[in-house]
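Visitor: Data: start-v9.pdb, PDB, C-alpha atoms, pLDDT in the B column.
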ATOM      1  CA  MET A  88      -4.774   5.131  14.685  1.00 61.00           C
ATOM      2  CA  SER A  89      -1.666   3.109  13.898  1.00 68.00           C
ATOM      3  CA  THR A  90       0.951   2.253  16.506  1.00 76.00           C
ATOM      4  CA  PRO A  91       4.603   1.159  16.242  1.00 74.00           C
ATOM      5  CA  LEU A  92       3.492  -2.416  16.957  1.00 79.00           C
ATOM      6  CA  ASP A  93       1.464  -2.425  13.735  1.00 79.00           C
ATOM      7  CA  ARG A  94       4.723  -2.694  11.792  1.00 89.00           C
ATOM      8  CA  PHE A  95       5.229  -6.182  13.200  1.00 89.00           C
ATOM      9  CA  CYS A  96       1.881  -7.351  11.796  1.00 91.00           C
ATOM     10  CA  LEU A  97       2.124  -9.730   8.845  1.00 97.00           C
ATOM     11  CA  ASP A  98      -1.476  -9.500   7.639  1.00 95.00           C
ATOM     12  CA  GLY A  99      -1.640  -9.951   3.882  1.00 93.00           C
ATOM     13  CA  GLN A 100       1.970 -11.075   3.536  1.00 97.00           C
ATOM     14  CA  THR A 101       3.077 -14.368   2.014  1.00 98.00           C
ATOM     15  CA  ILE A 102       6.149 -15.957   3.595  1.00 98.00           C
ATOM     16  CA  ALA A 103       7.918 -19.160   2.565  1.00 98.00           C
ATOM     17  CA  VAL A 104       9.915 -21.270   5.030  1.00 98.00           C
ATOM     18  CA  THR A 105      12.408 -23.919   3.964  1.00 98.00           C
ATOM     19  CA  GLY A 106      13.254 -26.858   6.213  1.00 97.00           C
ATOM     20  CA  ALA A 107       9.806 -26.561   7.777  1.00 97.00           C
ATOM     21  CA  SER A 108       9.251 -30.207   8.701  1.00 95.00           C
ATOM     22  CA  SER A 109      10.930 -29.957  12.115  1.00 93.00           C
ATOM     23  CA  GLY A 110      12.994 -27.764  14.407  1.00 93.00           C
ATOM     24  CA  PHE A 111      13.184 -24.031  13.788  1.00 96.00           C
ATOM     25  CA  GLY A 112      11.284 -24.104  10.508  1.00 97.00           C
ATOM     26  CA  HIS A 113       8.392 -26.055  12.013  1.00 97.00           C
ATOM     27  CA  HIS A 114       8.163 -23.498  14.829  1.00 97.00           C
ATOM     28  CA  PHE A 115       8.687 -20.445  12.618  1.00 98.00           C
ATOM     29  CA  ALA A 116       5.789 -21.427  10.353  1.00 98.00           C
ATOM     30  CA  GLY A 117       3.374 -21.337  13.276  1.00 98.00           C
ATOM     31  CA  VAL A 118       4.715 -18.024  14.606  1.00 98.00           C
ATOM     32  CA  LEU A 119       4.448 -16.331  11.220  1.00 98.00           C
ATOM     33  CA  ALA A 120       0.942 -17.662  10.620  1.00 98.00           C
ATOM     34  CA  SER A 121      -0.193 -16.464  14.049  1.00 97.00           C
ATOM     35  CA  ALA A 122       1.053 -12.980  13.113  1.00 97.00           C
ATOM     36  CA  GLY A 123      -1.189 -13.013  10.042  1.00 97.00           C
ATOM     37  CA  ALA A 124       1.035 -14.306   7.230  1.00 98.00           C
ATOM     38  CA  ARG A 125       0.102 -16.825   4.579  1.00 97.00           C
ATOM     39  CA  VAL A 126       2.798 -19.438   5.094  1.00 98.00           C
ATOM     40  CA  VAL A 127       4.312 -21.786   2.540  1.00 98.00           C
ATOM     41  CA  LEU A 128       6.127 -24.717   4.132  1.00 98.00           C
ATOM     42  CA  GLY A 129       8.804 -26.614   2.246  1.00 98.00           C
ATOM     43  CA  ALA A 130      10.755 -29.771   3.137  1.00 97.00           C
ATOM     44  CA  ARG A 131      11.658 -33.217   1.846  1.00 95.00           C
ATOM     45  CA  ARG A 132       9.508 -34.964   4.462  1.00 95.00           C
ATOM     46  CA  VAL A 133       6.157 -34.171   2.884  1.00 95.00           C
ATOM     47  CA  GLU A 134       4.086 -35.993   5.492  1.00 96.00           C
ATOM     48  CA  LYS A 135       5.644 -33.830   8.216  1.00 97.00           C
ATOM     49  CA  ILE A 136       4.834 -30.535   6.530  1.00 96.00           C
ATOM     50  CA  GLU A 137       1.314 -31.706   5.683  1.00 97.00           C
ATOM     51  CA  ALA A 138       0.728 -32.413   9.377  1.00 97.00           C
ATOM     52  CA  ARG A 139       2.082 -28.975  10.301  1.00 98.00           C
ATOM     53  CA  VAL A 140      -0.150 -27.311   7.704  1.00 98.00           C
ATOM     54  CA  GLU A 141      -3.172 -28.972   9.266  1.00 98.00           C
ATOM     55  CA  GLU A 142      -2.133 -27.718  12.713  1.00 98.00           C
ATOM     56  CA  ILE A 143      -1.771 -24.157  11.439  1.00 98.00           C
ATOM     57  CA  ARG A 144      -5.126 -24.260   9.666  1.00 98.00           C
ATOM     58  CA  ALA A 145      -6.815 -25.679  12.753  1.00 98.00           C
ATOM     59  CA  ALA A 146      -5.486 -22.688  14.692  1.00 97.00           C
ATOM     60  CA  GLY A 147      -7.036 -20.310  12.149  1.00 97.00           C
ATOM     61  CA  GLY A 148      -3.957 -19.678  10.009  1.00 97.00           C
ATOM     62  CA  GLU A 149      -3.445 -19.946   6.272  1.00 97.00           C
ATOM     63  CA  ALA A 150      -0.805 -22.379   5.057  1.00 97.00           C
ATOM     64  CA  ILE A 151       0.159 -24.753   2.281  1.00 97.00           C
ATOM     65  CA  GLY A 152       2.907 -27.363   2.119  1.00 97.00           C
ATOM     66  CA  LEU A 153       5.099 -28.131  -0.878  1.00 97.00           C
ATOM     67  CA  PRO A 154       7.841 -30.730  -1.372  1.00 97.00           C
ATOM     68  CA  LEU A 155      11.294 -29.177  -1.375  1.00 98.00           C
ATOM     69  CA  ASP A 156      14.880 -30.327  -1.701  1.00 98.00           C
ATOM     70  CA  VAL A 157      16.999 -27.187  -1.366  1.00 98.00           C
ATOM     71  CA  THR A 158      19.976 -28.926  -3.007  1.00 97.00           C
ATOM     72  CA  ASN A 159      17.987 -29.398  -6.216  1.00 97.00           C
ATOM     73  CA  ARG A 160      17.502 -26.350  -8.459  1.00 98.00           C
ATOM     74  CA  GLU A 161      14.317 -27.642 -10.095  1.00 98.00           C
ATOM     75  CA  SER A 162      12.777 -28.388  -6.708  1.00 98.00           C
ATOM     76  CA  LEU A 163      13.623 -24.875  -5.471  1.00 98.00           C
ATOM     77  CA  GLU A 164      12.118 -23.325  -8.592  1.00 98.00           C
ATOM     78  CA  GLN A 165       8.894 -25.301  -8.210  1.00 98.00           C
ATOM     79  CA  PHE A 166       8.691 -24.370  -4.533  1.00 98.00           C
ATOM     80  CA  LEU A 167       9.107 -20.644  -5.184  1.00 98.00           C
ATOM     81  CA  ASP A 168       6.665 -20.703  -8.113  1.00 97.00           C
ATOM     82  CA  GLY A 169       4.139 -22.505  -5.936  1.00 96.00           C
ATOM     83  CA  ALA A 170       4.544 -19.864  -3.253  1.00 95.00           C
ATOM     84  CA  TRP A 171       3.921 -17.079  -5.777  1.00 95.00           C
ATOM     85  CA  GLU A 172       0.794 -18.831  -7.043  1.00 93.00           C
ATOM     86  CA  LEU A 173      -0.716 -18.668  -3.552  1.00 88.00           C
ATOM     87  CA  ALA A 174      -1.152 -14.900  -3.586  1.00 87.00           C
ATOM     88  CA  GLY A 175       0.677 -13.489  -6.589  1.00 93.00           C
ATOM     89  CA  ARG A 176       3.680 -12.385  -4.518  1.00 95.00           C
ATOM     90  CA  LEU A 177       6.232 -13.659  -2.030  1.00 98.00           C
ATOM     91  CA  ASP A 178       7.073 -11.020   0.558  1.00 98.00           C
ATOM     92  CA  CYS A 179       9.695 -12.968   2.479  1.00 98.00           C
ATOM     93  CA  LEU A 180      11.792 -16.116   2.101  1.00 98.00           C
ATOM     94  CA  ILE A 181      13.053 -17.730   5.309  1.00 98.00           C
ATOM     95  CA  GLN A 182      16.062 -19.887   4.350  1.00 98.00           C
ATOM     96  CA  ASN A 183      16.162 -22.276   7.280  1.00 98.00           C
ATOM     97  CA  ALA A 184      17.038 -25.697   5.840  1.00 95.00           C
ATOM     98  CA  GLY A 185      20.165 -27.094   7.470  1.00 93.00           C
ATOM     99  CA  VAL A 186      21.975 -30.326   8.296  1.00 92.00           C
ATOM    100  CA  GLU A 187      25.140 -31.462  10.068  1.00 86.00           C
ATOM    101  CA  ALA A 188      27.522 -34.379   9.656  1.00 80.00           C
ATOM    102  CA  GLY A 189      27.481 -35.610  13.242  1.00 80.00           C
ATOM    103  CA  ALA A 190      30.143 -35.073  15.896  1.00 81.00           C
ATOM    104  CA  LYS A 191      33.078 -35.454  13.528  1.00 86.00           C
ATOM    105  CA  THR A 192      36.375 -33.596  13.421  1.00 88.00           C
ATOM    106  CA  PHE A 193      37.997 -32.562  10.123  1.00 92.00           C
ATOM    107  CA  ASP A 194      39.933 -35.829   9.817  1.00 89.00           C
ATOM    108  CA  MET A 195      36.814 -37.952  10.368  1.00 91.00           C
ATOM    109  CA  ILE A 196      34.565 -36.531   7.675  1.00 92.00           C
ATOM    110  CA  ASP A 197      34.696 -37.635   4.058  1.00 93.00           C
ATOM    111  CA  GLU A 198      33.855 -35.834   0.825  1.00 95.00           C
ATOM    112  CA  GLU A 199      30.277 -37.017   0.956  1.00 94.00           C
ATOM    113  CA  ASP A 200      29.818 -35.464   4.415  1.00 94.00           C
ATOM    114  CA  TRP A 201      31.378 -32.215   3.240  1.00 95.00           C
ATOM    115  CA  ASP A 202      29.264 -31.941   0.087  1.00 96.00           C
ATOM    116  CA  PHE A 203      26.052 -32.853   1.903  1.00 96.00           C
ATOM    117  CA  VAL A 204      26.484 -30.146   4.539  1.00 96.00           C
ATOM    118  CA  LEU A 205      27.883 -27.395   2.296  1.00 97.00           C
ATOM    119  CA  ASP A 206      25.322 -27.986  -0.449  1.00 97.00           C
ATOM    120  CA  THR A 207      22.424 -27.916   2.005  1.00 97.00           C
ATOM    121  CA  ASN A 208      23.547 -25.142   4.334  1.00 97.00           C
ATOM    122  CA  LEU A 209      25.435 -22.790   2.039  1.00 98.00           C
ATOM    123  CA  LYS A 210      25.019 -23.422  -1.689  1.00 98.00           C
ATOM    124  CA  SER A 211      21.240 -23.519  -1.260  1.00 98.00           C
ATOM    125  CA  VAL A 212      21.303 -20.066   0.367  1.00 98.00           C
ATOM    126  CA  TRP A 213      22.953 -18.575  -2.716  1.00 98.00           C
ATOM    127  CA  LEU A 214      20.730 -20.506  -5.112  1.00 98.00           C
ATOM    128  CA  GLY A 215      17.544 -19.729  -3.189  1.00 98.00           C
ATOM    129  CA  ALA A 216      18.403 -16.017  -3.126  1.00 98.00           C
ATOM    130  CA  LYS A 217      19.241 -16.016  -6.843  1.00 98.00           C
ATOM    131  CA  LEU A 218      15.987 -17.728  -7.830  1.00 98.00           C
ATOM    132  CA  TYR A 219      13.966 -15.526  -5.471  1.00 98.00           C
ATOM    133  CA  ALA A 220      15.523 -12.360  -6.914  1.00 98.00           C
ATOM    134  CA  GLU A 221      14.808 -13.536 -10.461  1.00 98.00           C
ATOM    135  CA  ARG A 222      11.146 -13.935  -9.578  1.00 98.00           C
ATOM    136  CA  VAL A 223      10.889 -10.614  -7.754  1.00 98.00           C
ATOM    137  CA  LYS A 224      12.121  -8.989 -10.948  1.00 97.00           C
ATOM    138  CA  ALA A 225      10.006 -11.111 -13.330  1.00 96.00           C
ATOM    139  CA  HIS A 226       6.804 -10.455 -11.360  1.00 96.00           C
ATOM    140  CA  ASP A 227       7.549  -6.719 -11.014  1.00 96.00           C
ATOM    141  CA  GLN A 228       7.257  -7.135  -7.269  1.00 97.00           C
ATOM    142  CA  GLU A 229       8.203  -4.055  -5.297  1.00 95.00           C
ATOM    143  CA  GLY A 230      11.101  -5.355  -3.241  1.00 96.00           C
ATOM    144  CA  GLY A 231      11.481  -8.468  -1.157  1.00 98.00           C
ATOM    145  CA  ASN A 232      12.955  -9.874   2.016  1.00 98.00           C
ATOM    146  CA  ILE A 233      15.260 -12.813   2.765  1.00 98.00           C
ATOM    147  CA  VAL A 234      16.002 -14.083   6.260  1.00 98.00           C
ATOM    148  CA  ASN A 235      18.852 -16.596   6.450  1.00 98.00           C
ATOM    149  CA  VAL A 236      19.040 -18.773   9.537  1.00 98.00           C
ATOM    150  CA  GLY A 237      22.634 -18.873  10.715  1.00 97.00           C
ATOM    151  CA  SER A 238      24.270 -19.957  13.950  1.00 96.00           C
ATOM    152  CA  ILE A 239      26.683 -18.721  16.587  1.00 94.00           C
ATOM    153  CA  THR A 240      28.949 -21.556  15.424  1.00 92.00           C
ATOM    154  CA  ALA A 241      29.904 -19.138  12.651  1.00 94.00           C
ATOM    155  CA  SER A 242      31.912 -17.282  15.325  1.00 92.00           C
ATOM    156  CA  ARG A 243      32.322 -19.722  18.190  1.00 85.00           C
ATOM    157  CA  THR A 244      34.422 -22.800  17.477  1.00 78.00           C
ATOM    158  CA  ILE A 245      34.182 -26.139  19.298  1.00 81.00           C
ATOM    159  CA  LYS A 246      35.366 -29.572  18.214  1.00 85.00           C
ATOM    160  CA  GLY A 247      33.149 -31.811  16.126  1.00 84.00           C
ATOM    161  CA  GLN A 248      31.271 -29.145  14.138  1.00 87.00           C
ATOM    162  CA  PHE A 249      33.326 -29.224  10.959  1.00 91.00           C
ATOM    163  CA  PRO A 250      31.947 -28.626   8.282  1.00 93.00           C
ATOM    164  CA  TYR A 251      28.731 -27.314   9.893  1.00 93.00           C
ATOM    165  CA  ALA A 252      30.509 -24.304  11.418  1.00 94.00           C
ATOM    166  CA  ILE A 253      32.204 -23.509   8.120  1.00 96.00           C
ATOM    167  CA  SER A 254      28.886 -23.577   6.280  1.00 97.00           C
ATOM    168  CA  LYS A 255      27.359 -21.169   8.794  1.00 97.00           C
ATOM    169  CA  ALA A 256      30.335 -18.814   8.677  1.00 97.00           C
ATOM    170  CA  GLY A 257      29.942 -18.764   4.907  1.00 98.00           C
ATOM    171  CA  LEU A 258      26.221 -18.119   5.266  1.00 98.00           C
ATOM    172  CA  HIS A 259      26.852 -15.084   7.471  1.00 98.00           C
ATOM    173  CA  LYS A 260      29.233 -13.607   4.898  1.00 98.00           C
ATOM    174  CA  ALA A 261      26.815 -14.516   2.102  1.00 98.00           C
ATOM    175  CA  THR A 262      24.142 -12.454   3.854  1.00 98.00           C
ATOM    176  CA  GLU A 263      26.376  -9.382   3.738  1.00 98.00           C
ATOM    177  CA  VAL A 264      27.243  -9.806   0.064  1.00 98.00           C
ATOM    178  CA  LEU A 265      23.640 -10.571  -0.904  1.00 98.00           C
ATOM    179  CA  ALA A 266      22.448  -7.500   0.999  1.00 98.00           C
ATOM    180  CA  LEU A 267      24.899  -5.347  -0.925  1.00 98.00           C
ATOM    181  CA  GLU A 268      24.092  -6.766  -4.336  1.00 98.00           C
ATOM    182  CA  ALA A 269      20.321  -7.341  -4.006  1.00 98.00           C
ATOM    183  CA  ALA A 270      19.598  -3.828  -2.770  1.00 98.00           C
ATOM    184  CA  LYS A 271      19.185  -2.670  -6.375  1.00 97.00           C
ATOM    185  CA  LEU A 272      16.070  -4.886  -6.535  1.00 97.00           C
ATOM    186  CA  GLY A 273      14.760  -3.598  -3.214  1.00 98.00           C
ATOM    187  CA  ILE A 274      15.511  -6.933  -1.527  1.00 98.00           C
ATOM    188  CA  ARG A 275      16.680  -6.907   2.079  1.00 98.00           C
ATOM    189  CA  VAL A 276      18.805  -9.792   3.408  1.00 98.00           C
ATOM    190  CA  ASN A 277      19.492 -10.450   7.096  1.00 98.00           C
ATOM    191  CA  THR A 278      20.575 -13.340   9.302  1.00 98.00           C
ATOM    192  CA  LEU A 279      18.953 -14.722  12.440  1.00 98.00           C
ATOM    193  CA  ALA A 280      21.682 -16.548  14.390  1.00 97.00           C
ATOM    194  CA  PRO A 281      20.423 -18.754  17.229  1.00 96.00           C
ATOM    195  CA  GLY A 282      22.629 -19.999  20.009  1.00 93.00           C
ATOM    196  CA  TYR A 283      22.283 -23.500  21.412  1.00 90.00           C
ATOM    197  CA  ILE A 284      18.656 -24.627  21.292  1.00 90.00           C
ATOM    198  CA  LEU A 285      17.622 -28.295  21.256  1.00 79.00           C
ATOM    199  CA  THR A 286      16.944 -29.386  17.661  1.00 79.00           C
ATOM    200  CA  ASP A 287      17.804 -32.454  15.596  1.00 73.00           C
ATOM    201  CA  VAL A 288      21.048 -30.703  14.621  1.00 70.00           C
ATOM    202  CA  SER A 289      22.154 -29.854  18.179  1.00 76.00           C
ATOM    203  CA  ARG A 290      20.825 -32.952  19.927  1.00 74.00           C
ATOM    204  CA  VAL A 291      24.143 -34.836  19.922  1.00 72.00           C
ATOM    205  CA  LEU A 292      25.817 -32.064  21.920  1.00 74.00           C
ATOM    206  CA  LEU A 293      22.976 -30.907  24.166  1.00 78.00           C
ATOM    207  CA  GLU A 294      22.076 -34.428  25.285  1.00 78.00           C
ATOM    208  CA  SER A 295      25.682 -35.539  25.796  1.00 79.00           C
ATOM    209  CA  PRO A 296      27.256 -36.275  29.206  1.00 80.00           C
ATOM    210  CA  GLY A 297      29.098 -32.928  29.038  1.00 78.00           C
ATOM    211  CA  SER A 298      25.959 -30.898  28.397  1.00 83.00           C
ATOM    212  CA  ASP A 299      25.632 -29.431  31.913  1.00 84.00           C
ATOM    213  CA  GLU A 300      29.230 -28.222  31.924  1.00 85.00           C
ATOM    214  CA  PHE A 301      28.821 -26.705  28.463  1.00 83.00           C
ATOM    215  CA  ARG A 302      25.673 -24.878  29.598  1.00 86.00           C
ATOM    216  CA  LYS A 303      27.662 -23.142  32.353  1.00 87.00           C
ATOM    217  CA  GLY A 304      29.569 -21.273  29.638  1.00 87.00           C
ATOM    218  CA  ILE A 305      26.398 -19.408  28.701  1.00 90.00           C
ATOM    219  CA  PRO A 306      25.994 -16.229  30.799  1.00 92.00           C
ATOM    220  CA  GLN A 307      22.236 -16.824  31.241  1.00 92.00           C
ATOM    221  CA  ARG A 308      23.063 -20.397  32.364  1.00 91.00           C
ATOM    222  CA  ARG A 309      20.460 -22.011  30.135  1.00 91.00           C
ATOM    223  CA  TYR A 310      19.945 -23.278  26.627  1.00 91.00           C
ATOM    224  CA  GLY A 311      17.510 -21.373  24.474  1.00 92.00           C
ATOM    225  CA  GLU A 312      13.889 -22.222  23.787  1.00 93.00           C
ATOM    226  CA  PHE A 313      12.171 -21.897  20.425  1.00 95.00           C
ATOM    227  CA  ASP A 314      10.038 -19.061  21.817  1.00 96.00           C
ATOM    228  CA  ASP A 315      13.191 -17.008  22.435  1.00 97.00           C
ATOM    229  CA  LEU A 316      13.452 -16.573  18.663  1.00 98.00           C
ATOM    230  CA  ASP A 317       9.907 -15.313  18.087  1.00 97.00           C
ATOM    231  CA  GLY A 318      10.554 -11.585  18.587  1.00 97.00           C
ATOM    232  CA  PRO A 319      13.725 -11.433  16.457  1.00 98.00           C
ATOM    233  CA  LEU A 320      12.019 -13.509  13.743  1.00 98.00           C
ATOM    234  CA  LEU A 321       9.025 -11.174  13.571  1.00 98.00           C
ATOM    235  CA  LEU A 322      11.334  -8.159  13.492  1.00 98.00           C
ATOM    236  CA  LEU A 323      13.258  -9.452  10.481  1.00 98.00           C
ATOM    237  CA  ALA A 324      10.232 -10.841   8.621  1.00 98.00           C
ATOM    238  CA  SER A 325       8.098  -7.724   9.028  1.00 97.00           C
ATOM    239  CA  ASP A 326       8.126  -4.071   8.005  1.00 96.00           C
ATOM    240  CA  ALA A 327       9.583  -3.243  11.420  1.00 96.00           C
ATOM    241  CA  SER A 328      13.030  -3.883   9.915  1.00 97.00           C
ATOM    242  CA  THR A 329      12.695  -1.986   6.632  1.00 97.00           C
ATOM    243  CA  TYR A 330      15.992  -0.124   7.211  1.00 98.00           C
ATOM    244  CA  MET A 331      17.903  -3.268   8.131  1.00 98.00           C
ATOM    245  CA  THR A 332      19.902  -5.249   5.613  1.00 98.00           C
ATOM    246  CA  GLY A 333      23.162  -7.155   5.904  1.00 98.00           C
ATOM    247  CA  SER A 334      22.599  -7.499   9.647  1.00 98.00           C
ATOM    248  CA  THR A 335      22.930 -10.512  11.927  1.00 98.00           C
ATOM    249  CA  ILE A 336      20.769 -10.789  15.025  1.00 98.00           C
ATOM    250  CA  VAL A 337      22.302 -13.153  17.584  1.00 97.00           C
ATOM    251  CA  VAL A 338      19.994 -14.869  20.088  1.00 97.00           C
ATOM    252  CA  ASP A 339      22.269 -16.900  22.377  1.00 93.00           C
ATOM    253  CA  GLY A 340      21.851 -15.912  26.020  1.00 93.00           C
ATOM    254  CA  GLY A 341      25.132 -14.011  25.821  1.00 93.00           C
ATOM    255  CA  HIS A 342      27.166 -17.039  24.750  1.00 92.00           C
ATOM    256  CA  LEU A 343      29.353 -15.105  22.322  1.00 91.00           C
ATOM    257  CA  CYS A 344      30.295 -12.751  25.157  1.00 91.00           C
ATOM    258  CA  SER A 345      31.663 -15.642  27.219  1.00 84.00           C
ATOM    259  CA  SER A 346      35.205 -16.952  27.062  1.00 68.00           C
ATOM    260  CA  LEU A 347      34.101 -20.455  28.152  1.00 63.00           C
TER     261      LEU A 347
END
Please express the file's structure as C-alpha cells.

Guide:
Amino acid sequence: MSTPLDRFCLDGQTIAVTGASSGFGHHFAGVLASAGARVVLGARRVEKIEARVEEIRAAGGEAIGLPLDVTNRESLEQFLDGAWELAGRLDCLIQNAGVEAGAKTFDMIDEEDWDFVLDTNLKSVWLGAKLYAERVKAHDQEGGNIVNVGSITASRTIKGQFPYAISKAGLHKATEVLALEAAKLGIRVNTLAPGYILTDVSRVLLESPGSDEFRKGIPQRRYGEFDDLDGPLLLLASDASTYMTGSTIVVDGGHLCSSL
C-alpha cells in the first residue's frame, strides 16, 4: 500500500547536478543518491567530482561524474547527453553552479568580474534550461523538472555582493519565466533559495569579524547547515511537487522576515 511519503522516493530517476565538486552541489548529490536517484555530477574540478562519485558508490548509490563548464555551450551539451546515456532519460536537472566576485562594491568590480559572475550564475541557467528542454523534446520524454539554486540575496541587499545579488535576482525571475514557457513541454521549474550557509561563496562574510553581529539578524539566531536543505530539495526534485512550478522555496531561518 502506497503512502504520501512514497512520492518523495527517487527510485529509478536520473538527476543531474551542476557545480557538484563542492558546497551545495556536493551535498545535494549524496542526498539525491540516498533517496534512490542515479546521480550525474558535473563540475570543472574533475578530480573533486570523481572523489564524490566514489563516496556515493561506496555508500550504495549510483553515480557518474562528467566534466562541466556551465559557461561553455559545448560542455553543457556533452554533460546533458552523457546524463541521458546513463539511463535513457533525465528526470531532473539541478542548476547549482555559482560563483561570486569577492567582497566588492559596484565601483570595485571590473567587466571581467561582472561577466564571470553573470555568465556562470545567470546565463548558464537560461542555456542549461534551453538545452535540457531541447533534449526532453528530442527524446520524447514525458515532461521534466528543473531546480534552480537561488539565494536570499535576490531579495535582501547588503554591501559587497554586487554582481552576485543581481545574478540571483535574475535567476529568480528566470525561474518564473521558464516555468511559464516550458509548461508546454511538461517541464516544471522551481527555485531553492538558501539563506546564509557556510560555503566557498559565503565564507568571506560568515568568517569575517562581523559574523556574530550579522547572525543576530536571523530570527533563529544561527546560520544554516547543509542538512537544512535536504527536505526542500527532495520536495522539489521528486513527484511530491508535481503541481509546483514557478515557485521559490526559501530556507533561511526567517532571515527575510527580519529588518536587521

Visitor: What's the separation between CA of Leu97 (chain A) and CA of Ala124 (chain A), in Å to one decimal place?

Guide: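 About the pair CA of Leu97 (chain A) and CA of Ala124 (chain A): they are 5.0 Å apart.
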
Visitor: Between A:Arg176, A:Arg160, A:Arg302, A:Lys224, which residue has the minimum interatomic distance to Ile102 (chain A), considering all atoms listed in the file?

Guide: A:Arg176

Visitor: Using all atoms listed in the file, which residues sit within 8 Å of Gly215 (chain A) once same-chain residues fewer than 5 positions away are excluded, as a list of chain:residue names?

Guide: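 Near Gly215 (chain A), the qualifying residues are A:Val157, A:Leu163, A:Gln182.
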
Visitor: Step by step, work through what the PyMOL selection byres ((chain A and resi 322-324) around 12) selects in the shown file, and finish by giving those residues as a ChimeraX atom specification.

Guide: /A:91-98,100-104,115-116,118-120,122-124,126,177-182,231-236,275-280,316-321,325-336

Visitor: Starting from the shown file, work through the PyMOL selection byres ((chain A and resi 185-190) around 6) and note down what comes out as a VMD selection string.

Guide: chain A and resid 184 191 200 204 207 to 208 247 251

Visitor: Output C-alpha atoms of each residue in that selection to a file, as a PDB file, in the frame of the given file.

Guide:
ATOM      1  CA  ALA A 184      17.038 -25.697   5.840  1.00 95.00           C
ATOM      2  CA  LYS A 191      33.078 -35.454  13.528  1.00 86.00           C
ATOM      3  CA  ASP A 200      29.818 -35.464   4.415  1.00 94.00           C
ATOM      4  CA  VAL A 204      26.484 -30.146   4.539  1.00 96.00           C
ATOM      5  CA  THR A 207      22.424 -27.916   2.005  1.00 97.00           C
ATOM      6  CA  ASN A 208      23.547 -25.142   4.334  1.00 97.00           C
ATOM      7  CA  GLY A 247      33.149 -31.811  16.126  1.00 84.00           C
ATOM      8  CA  TYR A 251      28.731 -27.314   9.893  1.00 93.00           C
TER       9      TYR A 251
END

Visitor: Evaluated on this file, the PyMOL selection byres ((chain A and resi 140) around 9) picks out some residues - which ones are they, written as a ChimeraX atom specification?

Guide: /A:116-117,126-128,135-139,141-145,148-152

Visitor: For Lys271 (chain A), which residue among A:Leu167, A:Ala220, A:Leu214, A:Ile284 is the nearest when counting only C-alpha atoms?

Guide: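 For Lys271 (chain A), the nearest of the candidates is A:Ala220.
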
Visitor: Do you have the CA of Gly230 (chain A)-CA of Gly169 (chain A) distance handy?

Guide: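 For CA of Gly230 (chain A) relative to CA of Gly169 (chain A), the distance reads 18.7 Å.
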
Visitor: May I ask for the distance between CA of Ala241 (chain A) and CA of Ala107 (chain A), given in Å to one decimal place?

Guide: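 Those two atoms sit 22.0 Å apart.
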
Visitor: Taking all atoms listed in the file into account, which of A:Gln228, A:Ala216, A:Asp315, A:His114 comes nearest Glu268 (chain A)?

Guide: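 Smallest distance to Glu268 (chain A) is found for A:Ala216.
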
Visitor: From the set A:Leu153, A:Ile274, A:Leu343, A:Ala146, which residue has the shortest atom-to-atom contact distance to Ala130 (chain A), counting all atoms listed in the file?

Guide: A:Leu153

Visitor: Tell me which protein, DNA and RNA residues are within 12 Å of Ile239 (chain A), counting only C-alpha atoms, leaving out same-chain ones fewer than 4 positions away, and put them as a list in words.

Guide: Arg243, Thr244, Ile245, Gln248, Tyr251, Ala252, Ile253, Ser254, Lys255, Ala256, Leu258, His259, Thr278, Leu279, Ala280, Pro281, Gly282, Tyr283, Ile284, Thr335, Ile336, Val337, Val338, Asp339, Gly340, Gly341, His342, Leu343 and Cys344 of chain A
